[in-house]
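S.K.: Contents are mmCIF, C-alpha atoms; file name input.cif:
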data_model
loop_
_atom_site.label_atom_id
_atom_site.label_comp_id
_atom_site.auth_asym_id
_atom_site.auth_seq_id
_atom_site.Cartn_x
_atom_site.Cartn_y
_atom_site.Cartn_z
CA MET A 74 92.12 93.28 14.00
CA ALA A 75 91.07 90.67 16.43
CA TYR A 76 88.88 93.23 18.06
CA LEU A 77 87.14 94.25 14.88
CA ASP A 78 86.27 90.53 13.90
CA ALA A 79 84.47 89.60 17.13
CA PRO A 80 81.36 91.84 16.75
CA ARG A 81 80.92 90.74 13.16
CA ARG A 82 80.51 87.09 14.38
CA ARG A 83 77.92 88.13 16.97
CA ARG A 84 75.81 89.85 14.33
CA SER A 85 75.90 86.73 12.12
CA SER A 86 74.75 84.54 14.99
CA ASN A 87 71.84 86.86 15.80
CA ARG A 88 70.75 86.86 12.16
CA GLY A 89 70.54 82.98 12.24
CA TRP A 90 68.36 83.01 15.28
CA ALA A 91 66.06 85.56 13.67
CA VAL A 92 65.63 83.48 10.56
CA ALA A 93 64.82 80.38 12.66
CA ALA A 94 62.29 82.31 14.72
CA ALA A 95 60.66 83.64 11.56
CA LEU A 96 60.32 80.15 10.17
CA LEU A 97 58.83 78.87 13.38
CA TRP A 98 56.38 81.79 13.39
CA ILE A 99 55.35 81.06 9.80
CA ILE A 100 54.80 77.39 10.62
CA ALA A 101 52.77 78.30 13.69
CA VAL A 102 50.62 80.69 11.71
CA ALA A 103 50.09 78.07 9.01
CA LEU A 104 49.03 75.48 11.57
CA ALA A 105 46.71 77.98 13.19
CA VAL A 106 45.14 78.89 9.89
CA PHE A 107 44.71 75.23 8.96
CA TYR A 108 43.16 74.46 12.33
CA LEU A 109 40.81 77.41 12.15
CA TRP A 110 39.78 76.49 8.59
CA ASP A 111 38.98 72.91 9.58
CA VAL A 112 36.94 73.99 12.57
CA ARG A 113 35.02 76.50 10.46
CA THR A 114 34.27 73.87 7.82
CA ASP A 115 32.95 71.43 10.43
CA ALA A 116 30.81 74.10 12.01
CA SER A 117 29.46 75.16 8.64
CA ALA A 118 28.66 71.57 7.75
CA ALA A 119 27.03 71.01 11.11
CA GLY A 120 24.95 74.12 10.75
CA SER A 121 23.78 73.28 7.27
CA ARG A 122 22.85 69.60 8.05
CA PRO A 123 19.09 69.23 8.70
CA SER A 124 17.85 67.54 11.87
CA THR A 125 16.73 63.92 11.80
CA SER A 126 13.17 64.89 12.57
CA ASP A 127 13.13 67.51 9.84
CA THR A 128 14.47 65.06 7.31
CA ALA A 129 12.01 62.45 8.30
CA ALA A 130 9.16 64.91 8.08
CA THR A 131 9.98 66.66 4.87
CA SER A 132 12.48 64.76 2.78
CA PRO A 133 12.14 61.65 0.72
CA ALA A 134 14.58 58.79 1.37
CA THR A 135 16.58 57.47 -1.52
CA LEU A 136 16.91 53.67 -1.96
CA ASP A 137 18.46 51.95 -4.94
CA GLY A 138 18.30 55.19 -6.87
CA GLU A 139 14.59 55.43 -6.27
CA LYS A 140 12.80 57.72 -3.86
CA ARG A 141 10.59 56.08 -1.26
CA PRO A 142 8.26 58.01 1.01
CA VAL A 143 9.17 57.84 4.67
CA ALA A 144 6.52 58.17 7.34
CA ALA A 145 6.75 61.14 9.64
CA VAL A 146 7.99 60.61 13.19
CA SER A 147 6.33 62.71 15.86
CA SER A 148 8.14 64.36 18.73
CA VAL A 149 8.78 62.22 21.77
CA PRO A 150 7.85 63.65 25.17
CA ALA A 151 10.77 63.82 27.61
CA ALA A 152 8.79 61.78 30.11
CA TYR A 153 9.08 58.67 27.91
CA THR A 154 11.67 56.12 28.94
CA ALA A 155 14.73 55.61 26.80
CA SER A 156 13.41 52.29 25.52
CA SER A 157 10.08 53.87 24.64
CA ALA A 158 11.79 56.74 22.87
CA ALA A 159 14.04 54.40 20.96
CA ALA A 160 11.12 52.28 19.90
CA THR A 161 9.18 55.34 18.84
CA THR A 162 11.82 57.39 17.06
CA THR A 163 14.08 54.87 15.37
CA GLU A 164 11.45 52.94 13.41
CA ALA A 165 8.78 54.27 11.14
CA PRO A 166 5.36 52.79 11.93
CA ILE A 167 4.39 49.93 9.63
CA THR A 168 0.98 49.95 8.06
CA THR A 169 -0.44 46.40 7.91
CA ALA A 170 -3.57 45.03 6.34
CA ALA A 171 -6.38 43.88 8.59
CA PRO A 172 -5.53 40.47 10.01
CA THR A 173 -6.99 37.63 7.99
CA THR A 174 -8.30 34.69 9.93
CA ALA A 175 -7.48 31.50 8.11
CA ALA A 176 -10.48 29.28 7.65
CA ALA A 177 -10.35 26.28 9.92
CA PRO A 178 -9.97 23.03 8.01
CA THR A 179 -13.38 21.58 7.31
CA THR A 180 -13.92 17.98 8.32
CA THR A 181 -16.54 16.43 6.09
CA THR A 182 -18.26 13.44 7.61
CA THR A 183 -20.14 11.46 5.03
CA GLU A 184 -22.85 9.33 6.52
CA PRO A 185 -23.17 5.96 4.81
CA PRO A 186 -26.47 5.40 3.04
CA SER A 187 -29.23 3.29 4.52
CA LEU A 188 -28.95 -0.37 3.68
CA PHE A 189 -31.22 -1.16 0.75
CA VAL A 190 -32.48 -4.75 0.78
CA ALA A 191 -34.78 -6.41 -1.74
CA ALA A 192 -36.19 -9.79 -0.68
CA GLY A 193 -38.38 -12.48 -2.13
CA GLY A 194 -39.71 -15.72 -0.65
CA ASP A 195 -39.31 -19.40 -1.57
CA VAL A 196 -37.73 -20.26 -4.93
CA LEU A 197 -38.27 -23.68 -6.50
CA ALA A 198 -36.19 -24.94 -9.44
CA ASP A 199 -37.98 -28.28 -9.90
CA ARG A 200 -41.33 -29.54 -11.23
CA ARG A 201 -43.01 -27.19 -13.69
CA VAL A 202 -40.53 -24.40 -12.97
CA GLY A 203 -37.81 -26.80 -14.03
CA THR A 204 -39.70 -27.63 -17.21
CA PHE A 205 -39.98 -23.92 -18.00
CA MET A 206 -36.20 -23.51 -17.59
CA ASP A 207 -35.55 -26.52 -19.81
CA LYS A 208 -37.25 -24.60 -22.62
CA ASN A 209 -36.37 -20.99 -21.81
CA GLY A 210 -33.29 -21.03 -19.60
CA GLY A 211 -32.82 -19.86 -16.05
CA GLU A 212 -32.61 -16.15 -16.82
CA ALA A 213 -36.18 -16.12 -18.17
CA VAL A 214 -37.53 -16.97 -14.71
CA PHE A 215 -36.74 -13.52 -13.28
CA THR A 216 -37.25 -11.34 -16.35
CA HIS A 217 -40.26 -9.47 -14.96
CA VAL A 218 -38.96 -8.94 -11.41
CA ARG A 219 -35.31 -8.28 -12.15
CA PRO A 220 -35.70 -4.47 -11.96
CA LEU A 221 -37.08 -4.82 -8.42
CA LEU A 222 -34.06 -6.80 -7.26
CA GLU A 223 -30.94 -5.69 -9.09
CA THR A 224 -31.02 -2.08 -7.86
CA ALA A 225 -30.72 -3.07 -4.19
CA HIS A 226 -27.51 -3.19 -2.18
CA LEU A 227 -28.43 -6.74 -1.26
CA ALA A 228 -31.02 -9.06 -2.85
CA PHE A 229 -32.15 -12.18 -1.00
CA ILE A 230 -34.30 -15.29 -1.57
CA ASN A 231 -34.79 -18.68 0.06
CA LEU A 232 -33.59 -21.44 -2.28
CA GLU A 233 -35.88 -24.38 -1.64
CA GLY A 234 -33.91 -27.54 -2.44
CA PRO A 235 -30.55 -28.35 -4.01
CA ILE A 236 -29.50 -27.19 -7.48
CA SER A 237 -27.60 -30.20 -8.71
CA ASP A 238 -27.53 -33.30 -10.85
CA LYS A 239 -25.98 -35.35 -8.06
CA GLY A 240 -27.29 -37.29 -5.06
CA THR A 241 -29.87 -39.85 -4.16
CA ARG A 242 -33.44 -39.01 -3.33
CA ALA A 243 -34.65 -39.33 0.26
CA THR A 244 -37.48 -41.76 -0.52
CA TRP A 245 -38.89 -41.57 2.97
CA LYS A 246 -40.01 -37.97 2.37
CA GLU A 247 -43.36 -37.17 0.78
CA TYR A 248 -42.06 -34.16 -1.16
CA THR A 249 -38.50 -33.94 -2.45
CA PHE A 250 -36.94 -31.38 -4.77
CA ARG A 251 -33.77 -31.20 -6.84
CA GLY A 252 -33.60 -28.12 -9.01
CA ARG A 253 -32.12 -27.54 -12.44
CA PRO A 254 -28.59 -26.09 -12.43
CA ALA A 255 -29.89 -23.49 -14.90
CA MET A 256 -31.43 -21.73 -11.89
CA ILE A 257 -27.92 -20.46 -11.07
CA ASP A 258 -28.05 -18.36 -14.27
CA GLY A 259 -31.37 -16.96 -13.19
CA LEU A 260 -30.12 -15.95 -9.75
CA VAL A 261 -27.10 -14.22 -11.20
CA SER A 262 -29.07 -12.42 -13.92
CA ALA A 263 -31.56 -11.10 -11.35
CA GLY A 264 -28.82 -9.74 -9.10
CA ILE A 265 -29.48 -12.14 -6.23
CA ASP A 266 -26.60 -11.69 -3.80
CA VAL A 267 -27.34 -14.22 -1.08
CA VAL A 268 -29.64 -17.19 -0.61
CA SER A 269 -30.78 -19.15 2.41
CA LEU A 270 -30.25 -22.91 2.29
CA ALA A 271 -31.71 -23.43 5.77
CA ASN A 272 -34.92 -25.23 4.92
CA ASN A 273 -36.57 -28.64 4.90
CA HIS A 274 -35.58 -29.48 1.31
CA SER A 275 -31.87 -28.62 1.01
CA ASN A 276 -30.87 -32.19 1.94
CA ASP A 277 -33.53 -33.97 -0.12
CA TYR A 278 -30.83 -35.60 -2.27
CA GLY A 279 -28.23 -36.06 0.42
CA ALA A 280 -24.86 -34.53 1.20
CA SER A 281 -23.43 -34.82 -2.30
CA ALA A 282 -26.22 -32.72 -3.85
CA LEU A 283 -26.06 -30.17 -1.05
CA LEU A 284 -22.30 -29.73 -1.34
CA ASP A 285 -22.56 -29.55 -5.12
CA THR A 286 -25.15 -26.77 -4.74
CA ILE A 287 -22.82 -24.80 -2.47
CA ALA A 288 -19.94 -25.26 -4.90
CA ARG A 289 -22.05 -24.06 -7.84
CA LEU A 290 -23.25 -21.01 -5.92
CA ASP A 291 -19.69 -20.20 -4.88
CA GLU A 292 -18.48 -20.46 -8.44
CA ALA A 293 -21.24 -18.09 -9.59
CA GLY A 294 -20.48 -15.58 -6.84
CA VAL A 295 -23.77 -16.06 -5.00
CA HIS A 296 -23.39 -16.13 -1.22
CA GLN A 297 -25.27 -18.65 0.87
CA ALA A 298 -26.10 -19.14 4.53
CA GLY A 299 -27.79 -21.82 6.58
CA ALA A 300 -26.12 -25.01 5.31
CA GLY A 301 -22.61 -26.38 4.97
CA ALA A 302 -20.14 -29.22 5.18
CA ASP A 303 -20.46 -29.28 8.97
CA ALA A 304 -22.18 -27.49 11.81
CA ALA A 305 -19.62 -24.68 11.92
CA ALA A 306 -20.00 -23.95 8.21
CA ALA A 307 -23.78 -24.20 8.35
CA SER A 308 -24.04 -21.71 11.20
CA ALA A 309 -21.51 -19.23 9.81
CA PRO A 310 -22.96 -15.98 8.49
CA ALA A 311 -22.58 -14.88 4.90
CA LEU A 312 -20.65 -11.61 5.01
CA LEU A 313 -21.25 -9.08 2.27
CA LEU A 314 -19.71 -5.65 1.72
CA THR A 315 -22.27 -3.09 0.53
CA PRO A 316 -22.28 0.71 0.08
CA ALA A 317 -24.06 0.90 3.45
CA GLY A 318 -21.44 -1.20 5.25
CA THR A 319 -20.79 -4.82 6.08
CA VAL A 320 -23.83 -7.08 6.26
CA ALA A 321 -23.98 -10.45 8.00
CA VAL A 322 -26.73 -12.82 6.87
CA LEU A 323 -27.66 -15.71 9.14
CA ALA A 324 -30.15 -18.42 8.17
CA PHE A 325 -31.94 -20.94 10.41
CA THR A 326 -34.63 -23.52 9.87
CA ASP A 327 -37.23 -24.37 12.45
CA ILE A 328 -38.63 -27.10 10.14
CA ILE A 329 -36.19 -29.97 10.59
CA PRO A 330 -36.62 -33.37 8.88
CA GLY A 331 -34.71 -36.19 10.50
CA GLY A 332 -31.04 -36.33 9.58
CA PHE A 333 -31.00 -32.87 8.01
CA THR A 334 -29.13 -31.05 10.78
CA ALA A 335 -25.43 -30.44 10.18
CA GLY A 336 -23.09 -32.18 12.64
CA SER A 337 -19.47 -31.86 13.67
CA GLY A 338 -18.40 -33.76 10.56
CA THR A 339 -21.69 -34.10 8.72
CA PRO A 340 -23.10 -31.82 5.99
CA GLY A 341 -26.54 -30.42 6.63
CA VAL A 342 -28.60 -27.38 7.54
CA ASN A 343 -28.43 -24.89 10.38
CA ALA A 344 -31.29 -25.92 12.63
CA THR A 345 -32.75 -24.04 15.55
CA THR A 346 -32.69 -25.66 18.96
CA PRO A 347 -35.31 -25.51 21.73
CA SER A 348 -33.03 -23.57 24.09
CA ARG A 349 -32.22 -20.91 21.43
CA LYS A 350 -29.02 -20.23 23.34
CA LYS A 351 -26.58 -20.93 20.49
CA LEU A 352 -28.84 -19.21 17.95
CA LEU A 353 -28.91 -15.99 19.96
CA ALA A 354 -25.17 -16.21 20.59
CA ASP A 355 -24.58 -16.49 16.84
CA VAL A 356 -26.70 -13.39 16.19
CA ALA A 357 -24.85 -11.44 18.88
CA ALA A 358 -21.49 -12.51 17.45
CA ALA A 359 -22.51 -11.43 13.96
CA ASN A 360 -23.64 -8.09 15.35
CA ARG A 361 -20.13 -7.51 16.69
CA LYS A 362 -18.61 -8.22 13.28
CA ALA A 363 -20.93 -6.38 10.92
CA ASP A 364 -22.73 -3.07 10.53
CA TYR A 365 -26.02 -4.86 9.80
CA VAL A 366 -27.38 -8.29 10.65
CA ILE A 367 -30.13 -9.96 8.64
CA VAL A 368 -31.68 -13.11 10.07
CA SER A 369 -33.67 -15.51 7.89
CA PHE A 370 -36.05 -18.10 9.33
CA HIS A 371 -37.75 -21.06 7.69
CA TRP A 372 -40.61 -21.38 10.16
CA GLY A 373 -44.34 -21.29 10.87
CA LYS A 374 -47.22 -23.37 9.65
CA GLU A 375 -47.95 -23.96 5.97
CA TYR A 376 -50.86 -21.96 4.50
CA GLU A 377 -51.40 -20.08 7.76
CA PRO A 378 -51.65 -16.31 7.11
CA ARG A 379 -50.87 -15.24 10.67
CA ALA A 380 -47.59 -15.56 12.51
CA ASN A 381 -47.89 -17.71 15.60
CA TYR A 382 -46.71 -16.96 19.09
CA GLU A 383 -43.42 -18.88 18.75
CA GLN A 384 -42.49 -17.04 15.55
CA ARG A 385 -43.09 -13.67 17.16
CA LYS A 386 -41.27 -14.57 20.35
CA LEU A 387 -38.21 -15.82 18.44
CA ALA A 388 -38.22 -12.78 16.15
CA HIS A 389 -38.22 -10.42 19.11
CA ARG A 390 -35.39 -12.31 20.78
CA VAL A 391 -33.11 -12.13 17.74
CA VAL A 392 -33.78 -8.40 17.43
CA ASP A 393 -32.82 -8.07 21.09
CA ALA A 394 -29.62 -9.95 20.24
CA GLY A 395 -28.72 -7.58 17.41
CA ALA A 396 -30.73 -8.41 14.27
CA ASP A 397 -31.61 -5.41 12.08
CA LEU A 398 -34.03 -7.20 9.74
CA VAL A 399 -35.86 -10.52 10.08
CA ILE A 400 -37.14 -12.30 6.97
CA GLY A 401 -39.39 -15.36 7.16
CA HIS A 402 -40.58 -18.01 4.70
CA HIS A 403 -42.09 -21.52 4.47
CA PRO A 404 -45.87 -20.97 4.99
CA HIS A 405 -46.34 -20.56 1.17
CA VAL A 406 -48.64 -17.58 1.83
CA ILE A 407 -47.88 -14.03 2.90
CA GLN A 408 -47.97 -13.00 6.55
CA GLY A 409 -47.92 -9.53 8.09
CA LEU A 410 -45.11 -7.11 8.89
CA GLU A 411 -44.21 -6.04 12.40
CA LEU A 412 -41.98 -3.31 13.78
CA TYR A 413 -40.15 -4.20 16.99
CA ARG A 414 -37.62 -1.81 18.53
CA ASN A 415 -37.38 0.00 15.18
CA ARG A 416 -36.53 -3.25 13.37
CA LEU A 417 -38.73 -4.69 10.64
CA ILE A 418 -39.92 -8.29 10.81
CA ALA A 419 -41.47 -9.87 7.72
CA TYR A 420 -42.96 -13.11 9.01
CA SER A 421 -43.54 -14.68 5.59
CA LEU A 422 -42.94 -13.39 2.08
CA GLY A 423 -44.80 -16.39 0.64
CA ASP A 424 -43.52 -18.14 -2.49
CA PHE A 425 -41.49 -16.25 -5.08
CA VAL A 426 -40.92 -18.83 -7.83
CA TRP A 427 -43.31 -21.76 -7.44
CA ASP A 428 -45.98 -23.59 -9.37
CA HIS A 429 -49.22 -23.63 -7.41
CA TYR A 430 -52.90 -24.53 -7.33
CA SER A 431 -54.59 -21.66 -5.52
CA VAL A 432 -54.77 -17.89 -5.87
CA GLU A 433 -53.52 -17.20 -2.36
CA THR A 434 -50.36 -19.28 -2.76
CA GLY A 435 -49.64 -17.46 -6.00
CA GLU A 436 -49.94 -14.01 -4.40
CA THR A 437 -46.74 -12.57 -3.03
CA PHE A 438 -44.68 -9.38 -2.95
CA VAL A 439 -41.13 -8.09 -3.21
CA LEU A 440 -40.08 -6.44 0.04
CA ARG A 441 -37.82 -3.43 -0.53
CA VAL A 442 -36.44 -2.06 2.73
CA ARG A 443 -34.15 0.85 3.50
CA ALA A 444 -32.65 0.44 6.95
CA PRO A 445 -30.61 3.30 8.45
CA ARG A 446 -27.95 2.73 11.11
CA ALA A 447 -30.35 4.21 13.65
CA GLY A 448 -34.08 4.83 13.63
CA PRO A 449 -36.96 3.02 11.95
CA PRO A 450 -36.68 1.65 8.42
CA SER A 451 -38.80 2.58 5.45
CA ALA A 452 -40.28 -0.05 3.17
CA GLU A 453 -42.02 -0.52 -0.13
CA MET A 454 -44.02 -3.60 -1.03
CA VAL A 455 -44.52 -4.48 -4.70
CA PRO A 456 -47.32 -7.01 -5.37
CA VAL A 457 -46.43 -10.01 -7.51
CA TYR A 458 -48.37 -12.97 -8.85
CA LEU A 459 -46.89 -16.33 -9.86
CA ASP A 460 -47.97 -17.92 -13.09
CA GLU A 461 -50.11 -20.96 -12.27
CA SER A 462 -48.38 -23.32 -14.68
CA THR A 463 -44.78 -22.12 -14.70
CA GLY A 464 -44.44 -20.43 -11.30
CA VAL A 465 -42.73 -17.43 -12.92
CA PRO A 466 -43.25 -14.18 -10.93
CA LYS A 467 -44.61 -10.99 -12.46
CA PRO A 468 -45.68 -7.69 -10.83
CA VAL A 469 -49.42 -7.02 -11.00
CA THR A 470 -51.48 -3.86 -11.15
CA GLY A 471 -55.06 -2.72 -10.74
CA LYS A 472 -57.55 -4.86 -8.87
CA HIS A 473 -55.18 -7.78 -8.45
CA ALA A 474 -52.53 -5.53 -6.90
CA ALA A 475 -55.15 -3.97 -4.63
CA SER A 476 -56.27 -7.42 -3.47
CA ILE A 477 -52.75 -8.50 -2.47
CA LEU A 478 -51.87 -5.19 -0.81
CA SER A 479 -55.12 -4.89 1.12
CA ARG A 480 -54.57 -8.36 2.55
CA LEU A 481 -50.99 -7.54 3.50
CA ALA A 482 -52.14 -4.24 5.06
CA ARG A 483 -54.77 -6.01 7.12
CA LEU A 484 -52.36 -8.68 8.39
CA SER A 485 -49.75 -6.01 9.24
CA SER A 486 -52.29 -3.83 11.01
CA ASP A 487 -53.00 -6.75 13.32
CA LEU A 488 -49.31 -6.58 14.27
CA GLY A 489 -49.35 -2.82 14.82
CA VAL A 490 -47.95 -1.70 11.46
CA GLU A 491 -50.09 0.59 9.32
CA LEU A 492 -49.24 0.44 5.63
CA MET A 493 -50.18 3.14 3.17
CA VAL A 494 -51.45 1.79 -0.13
CA SER A 495 -50.88 4.14 -3.03
CA GLY A 496 -51.42 3.05 -6.59
CA ASP A 497 -49.95 -0.39 -7.10
CA ARG A 498 -47.60 -0.23 -4.13
CA ALA A 499 -47.77 -0.25 -0.35
CA PHE A 500 -45.45 1.83 1.80
CA PHE A 501 -44.30 1.97 5.36
CA ASN A 502 -42.71 5.11 6.81
CA THR A 503 -42.34 6.63 3.35
CA THR A 504 -44.46 7.83 0.46
CA GLU A 505 -41.75 7.57 -2.16
CA ASP A 506 -40.60 4.82 -4.43
CA THR A 507 -37.37 3.31 -3.10
CA GLU A 508 -35.76 3.05 -6.51
#
Output the file's structure in the form of structure tokens.
M.R.:
Amino acid sequence: MAYLDAPRRRRSSNRGWAVAAALLWIIAVALAVFYLWDVRTDASAAGSRPSTSDTAATSPATLDGEKRPVAAVSSVPAAYTASSAAATTTEAPITTAAPTTAAAPTTTTTEPPSLFVAAGGDVLADRRVGTFMDKNGGEAVFTHVRPLLETAHLAFINLEGPISDKGTRATWKEYTFRGRPAMIDGLVSAGIDVVSLANNHSNDYGASALLDTIARLDEAGVHQAGAGADAAAASAPALLLTPAGTVAVLAFTDIIPGGFTAGSGTPGVNATTPSRKKLLADVAAANRKADYVIVSFHWGKEYEPRANYEQRKLAHRVVDAGADLVIGHHPHVIQGLELYRNRLIAYSLGDFVWDHYSVETGETFVLRVRAPRAGPPSAEMVPVYLDESTGVPKPVTGKHAASILSRLARLSSDLGVELMVSGDRAFFNTTEDTE
């Protein structure tokens, strides 16, 4: 019995090993099949996937659910470096618009206009002119000439004598004037911007009348030059701001009655001196402060139509020192115009508001000058005649205008300036009206 049982156990053990081997074989086959299937799938996928270049050349790219065209990429020669190939194959070329050159910022330089000055001669506010103002007011004096003055950047006259009701008359003088305060209204209404007080009548009624005149002018907004509470004030320029720039106006008198000159603590006028040193220094100093310098002189000989040697010499020296325009008065008649170093010199404008006794002293003109920063000025001269009894100025036409202008042209020609007379006006360096 023991013998028979032993083989049966060996057969059972063999059967167990067979089953285990079968299971291992099945597992191995399954793994092999799975491996082969995965490899086949990868190969199939790899074979069906298009190349990058083919896709780029033929297929649209999809972005945000929307198809966008993609530019084709050309083949890259093997000779290219890796960096070149990368730059060429990894980015589609970008089409850009032609470069636009931004316009450079434009700097606009606006040249200031030429200085436009309108000037008249001596203005009296006493005697029969005063009587006229008593009846008609100060504004009526300038009614006819106002349009010639008010349009200028700067309008100028010489105010001959104080405008006041104060002071004591200088009895030692043959002629003394003290004008009606109503003249202030006339100056303002006519657009007069600055007056010269440097003359031989400003101190006719003493310091109190002179200082009262300055105070009245200040209150009315009319600038003055050529007189003051002391020498420093009398010699100081009037400074005005105009569309053409800053203008300094200096006024001097070469006609000097005794006791009229301003002192260190004494009111008076700004007198010239024989050496001219301080005068020229004042002009040079004003030239450093302002864009334009106008110098006014009360000078020359009464009723003499031609400027004398001393006038011309002094005028040239102040131009050399920096003056842009020189305006003269006192002779009571007109004198010629001169051009020196491209600067205009009007030696005498004659009277502008004055009662008179002769035709020549009643004939005058309004000088209208346009002075650029550089180069010669242009000028227009408008003939005016003063009423014999009232001294009120009024422009004239026809034969009377021709008489005044032909005389002015002749006197100017003697000084080297040729005026062109056209109609009822005379012109220098222009043929157009300056309005």
S.K.: Assuming the chain letters and numbering stay as they are in my file, what does the PyMOL selection byres ((chain A and resi 246) around 12) actually select? List them as a JSON list (two decimals) with C-alpha atoms, keeping the file's coordinate frame.
M.R.:
[["chain", "number", "residue", "atom", "x", "y", "z"],
["A", 242, "ARG", "CA", -33.44, -39.01, -3.33],
["A", 243, "ALA", "CA", -34.65, -39.33, 0.26],
["A", 244, "THR", "CA", -37.48, -41.76, -0.52],
["A", 245, "TRP", "CA", -38.89, -41.57, 2.97],
["A", 247, "GLU", "CA", -43.36, -37.17, 0.78],
["A", 248, "TYR", "CA", -42.06, -34.16, -1.16],
["A", 249, "THR", "CA", -38.50, -33.94, -2.45],
["A", 250, "PHE", "CA", -36.94, -31.38, -4.77],
["A", 273, "ASN", "CA", -36.57, -28.64, 4.90],
["A", 274, "HIS", "CA", -35.58, -29.48, 1.31],
["A", 276, "ASN", "CA", -30.87, -32.19, 1.94],
["A", 277, "ASP", "CA", -33.53, -33.97, -0.12],
["A", 278, "TYR", "CA", -30.83, -35.60, -2.27],
["A", 330, "PRO", "CA", -36.62, -33.37, 8.88],
["A", 331, "GLY", "CA", -34.71, -36.19, 10.50],
["A", 332, "GLY", "CA", -31.04, -36.33, 9.58],
["A", 333, "PHE", "CA", -31.00, -32.87, 8.01]]
S.K.: For a quick check of understanding, using all atoms listed in the file, which of A:Thr241, A:Thr437, A:Ser479, A:Thr503 has the smallest distance to Ser451 (chain A)?
M.R.: A:Thr503
S.K.: For region 405-433 of chain A versus region 182-192 of chain A, which residues have an atom no more than 12 Å away, and what is each residue's nearest atom pair and distance in Å rounded to one decimal, using all atoms listed in the file, chain-then-number order, as CSV?
M.R.:
residue,atom,partner,partner_atom,distance
A:Leu417,CA,A:Val190,CA,11.7
A:Ala419,CA,A:Ala192,CA,9.9
A:Ser421,CA,A:Ala192,CA,10.8
A:Leu422,CA,A:Ala192,CA,8.1
A:Gly423,CA,A:Ala192,CA,10.9
A:Asp424,CA,A:Ala192,CA,11.3
A:Phe425,CA,A:Ala192,CA,9.4
S.K.: Given the file shown, determine the residues that the PyMOL selection byres ((chain A and resi 346-357) around 8) selects; report them as a list in words.
M.R.: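 Listing what the PyMOL selection byres ((chain A and resi 346-357) around 8) selects in the shown file: Ser308, Leu323, Ala344, Thr345, Ala358, Ala359, Asn360, Arg361, Val366, Val368, Arg390, Val391, Ala394, Gly395 and Ala396 of chain A.
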S.K.: Which residue, A:Ser281, A:Ser337, A:Thr315, A:Ser269, has the smallest gap to His296 (chain A) when you use all atoms listed in the file?
M.R.: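 For His296 (chain A), the nearest of the candidates is A:Ser269.
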S.K.: Just to confirm, what's the straight-line distance from CA of Phe438 (chain A) to CA of Glu292 (chain A) in Å (one decimal)?
M.R.: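 Interatomic distance, CA of Phe438 (chain A) to CA of Glu292 (chain A): 29.0 Å.
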S.K.: Using the chain letters and numbers from this file, what does the PyMOL selection byres ((chain A and resi 484-499) around 7) select? Give the answer as a list in words.
M.R.: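 For this structure, the PyMOL selection byres ((chain A and resi 484-499) around 7) captures Gln408, Gly409, Leu410, Glu411, Leu412, Glu453, Met454, Val455, Pro456, Thr470, Gly471, Ala474, Ala475, Leu478, Arg480, Leu481, Ala482, Arg483, Phe500 and Phe501 of chain A.
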S.K.: Work out how far apart CA of Leu270 (chain A) and CA of Gly234 (chain A) are and give it in Å to one decimal.
M.R.: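 Computing the Euclidean distance for CA of Leu270 (chain A) and CA of Gly234 (chain A) yields 7.6 Å.
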